[in-house]
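**Student:** The structure that follows is given in the form of structure tokens.
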Amino acid sequence: MSGQEERGNVESGQAHATTGTYLRVAAILVIITFIEVGVFYVPAFQPALVPVLLFLSAVKFTLVVLFYMHLKFDNRFFSFLFGGPLLLAMAVVISLLFLFYGALRLRTGT
Amino acid sequence: MRYDTDTHAIAVAHGHATFMGLDSRKMAFWAFIGSECLLFGSLISTYLVYKGRSLVGPYPHEILNIPFTSFSTFDLLMSSLAMVLALAAVQRGDMRRGKLWLFVTALLGLVFLGGQYWEFSHFVREGLGLTTNLFGSTFYVLTGTHGAHVTVGVIWLLTLWVQALRGKLGPANAMTVEITGLYWHFVDVVWIVIFTVVYLIQ
């Protein structure tokens with residue numbers, strides 16, 4: 001996005017990206033989805049499948065939040081309102097996985 | 001690039017400014033989305049904790065249809081694009097395009113819901129019910145909760161579209177469209193995670 005386009009948005013009261021940026025982000029999201037599905041079907045990727053898919057998913061998530069939900073352009077407080085609970089939710093997921101699989105290992109002795 | 005001054009001016013003009021100068025409706029909605037992160041975090045945790053613990057089939061690798069779900073993912077991503085185009089059109093006062101993109105967003109949401117209905121019906125025919133095994137219980141609760149959110153989003157979008165048809169939606173109500181968009185994009189990012197965690201990492 002050019003500086004002139006951004007200024008135009010500010011003057012018209014639109015704190016967002018341009019249509020061109022939205023289209024580019026959509027194209028990237030579709031390409032990443034194709035890569036995800038491709039990686040899923042290629043046997044050579046099986047050993048690294050989980051980290052690769054989680055990384056690609058995180059990239060898509062970030063793009064939508066930054067550009068479509070406008071956090072890249074909006075007040076930082078909105079990022080805090082979203083990022084705080086998001087980090088807490090991720091901590092809950094990771095903690096529960098450790099708790100469950102840790103308890104399972106203790107019970108089975110493996 | 002920051003737009004704090006601009007956001008403040010808009011919020012003050014509409015009488016919804018907080019002491020921070022931000023729009024109170026938008027702030028409240030971001031707090032709601034934060035709480036939704038915790039809801040879906042709990043459901044995803046439950047799915048992962050019980051992953052691979054089913055004692056009877058059908059198992060995920062036997063029943064999940066990746067090409068079909070990839071199409072649903074594409075559909076939801078395109079609906080997010082249509083939503084931002086609708087917001088941009090409403091903000092610049094182009095209500096003809098605004099109405100069109102709002103309708104396209106709702107339509108793509110309906111296509112997603114139709115796909116989910118077909119998928120659930122197919123799974124039930126294959127013998128996977130809510131109480132069949134741990135996979136069935138956690139899968140239906142997680143994806144069903146997401147589907148319920150999509151349904152609410154579609155109803156919300158169609159309501160806005162009808163308002164726009166009646167001439168009751170314009171640039172002055174752009175914040176309403178923006179908040180609807182925040183909800184819709186959140187539903188999209190949740191699906192991005194579900195698609196990876198449930199469908200691709202089996």
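Naming works like this for the structure tokens: A, B, ... for the chains as they're shown, residue 1 at the start of each chain, ligands 1 onward in shown order.
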Provide as a PyMOL selection string the residues of chain B at most 9 Å from chain A, counting only C-alpha atoms.

**Tutor:** chain B and resi 1-4+6-7+9-10+22+26-27+30-42+44-46+48-49+66-67+70+73-74+77-78+80-81+83-85+88+91-92+178+181-182+185-186+188-190+192-193+195-197+200-201

**Student:** Give the alpha helix (DSSP H) residues of chain A, as DSSP finds them on the backbone, and put them as a compact mmCIF listing (two decimals) with C-alpha atoms, in the first residue's frame.

**Tutor:**
```txt
# COMPACT_ATOMS: atom_id res chain seq x y z
CA GLY A 3 1.66 6.25 1.58
CA GLN A 4 -0.69 8.34 -0.56
CA GLU A 5 -3.38 5.63 -0.44
CA GLU A 6 -3.00 5.33 3.34
CA ARG A 7 -3.30 9.10 3.77
CA GLY A 8 -6.42 9.02 1.61
CA ASN A 9 -7.91 6.46 3.94
CA VAL A 10 -7.13 8.53 7.01
CA GLU A 11 -8.68 11.65 5.54
CA THR A 19 -8.73 -3.01 -1.80
CA GLY A 20 -5.47 -4.01 -3.49
CA THR A 21 -4.00 -5.07 -0.14
CA TYR A 22 -7.15 -7.09 0.67
CA LEU A 23 -6.90 -8.91 -2.67
CA ARG A 24 -3.18 -9.65 -2.18
CA VAL A 25 -3.85 -11.02 1.32
CA ALA A 26 -6.66 -13.21 -0.07
CA ALA A 27 -4.32 -14.56 -2.76
CA ILE A 28 -1.66 -15.39 -0.13
CA LEU A 29 -4.27 -17.12 2.07
CA VAL A 30 -5.45 -19.28 -0.83
CA ILE A 31 -1.86 -20.17 -1.83
CA ILE A 32 -1.03 -21.16 1.77
CA THR A 33 -4.17 -23.34 1.91
CA PHE A 34 -3.06 -25.10 -1.29
CA ILE A 35 0.39 -25.64 0.25
CA GLU A 36 -1.19 -27.04 3.44
CA VAL A 37 -3.24 -29.57 1.51
CA GLY A 38 -0.25 -30.39 -0.72
CA VAL A 39 1.99 -30.98 2.30
CA PHE A 40 -0.68 -33.26 3.78
CA TYR A 41 -0.60 -35.54 0.70
CA LEU A 49 4.03 -32.49 8.98
CA VAL A 50 2.85 -31.14 12.36
CA PRO A 51 5.31 -28.22 12.74
CA VAL A 52 4.94 -27.24 9.06
CA LEU A 53 1.12 -27.25 9.23
CA LEU A 54 1.07 -25.36 12.54
CA PHE A 55 3.43 -22.73 11.10
CA LEU A 56 1.33 -22.29 7.94
CA SER A 57 -1.85 -22.08 10.01
CA ALA A 58 -0.26 -19.43 12.25
CA VAL A 59 0.72 -17.37 9.18
CA LYS A 60 -2.88 -17.48 7.87
CA PHE A 61 -4.27 -16.61 11.30
CA THR A 62 -1.89 -13.63 11.62
CA LEU A 63 -2.68 -12.31 8.13
CA ARG A 76 -2.73 -1.05 20.19
CA PHE A 77 -5.28 -1.46 22.97
CA PHE A 78 -7.42 -3.64 20.68
CA SER A 79 -4.38 -5.88 20.11
CA PHE A 80 -4.04 -6.17 23.87
CA LEU A 81 -7.75 -7.03 24.29
CA PHE A 82 -7.39 -9.80 21.70
CA GLY A 83 -3.80 -10.93 22.31
CA GLY A 84 -4.14 -11.30 26.10
CA PRO A 85 -6.97 -13.86 26.05
CA LEU A 86 -5.44 -15.52 22.97
CA LEU A 87 -2.19 -16.14 24.85
CA LEU A 88 -4.19 -17.39 27.85
CA ALA A 89 -6.14 -19.78 25.58
CA MET A 90 -2.87 -21.09 24.09
CA ALA A 91 -1.50 -21.57 27.62
CA VAL A 92 -4.65 -23.55 28.53
CA VAL A 93 -4.23 -25.80 25.47
CA ILE A 94 -0.53 -26.46 26.14
CA SER A 95 -1.03 -26.95 29.91
CA LEU A 96 -3.88 -29.42 29.42
CA LEU A 97 -1.85 -31.40 26.88
CA PHE A 98 1.12 -31.59 29.27
CA LEU A 99 -1.14 -32.48 32.21
CA PHE A 100 -3.00 -35.20 30.32
CA TYR A 101 -0.04 -36.84 28.61
CA GLY A 102 2.13 -36.43 31.74
CA ALA A 103 -0.50 -38.20 33.84
CA LEU A 104 -0.85 -40.88 31.17
CA ARG A 105 2.93 -41.52 31.20
CA LEU A 106 2.94 -41.79 34.99
CA ARG A 107 0.04 -44.27 34.91
CA THR A 108 1.46 -46.45 32.16
```

**Student:** Record the distance separating atom CA of Leu55 of chain B and atom CA of Ile194 of chain B, expressed in Å with one decimal.

**Tutor:**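 Computed distance, atom CA of Leu55 of chain B to atom CA of Ile194 of chain B, equals 22.9 Å.
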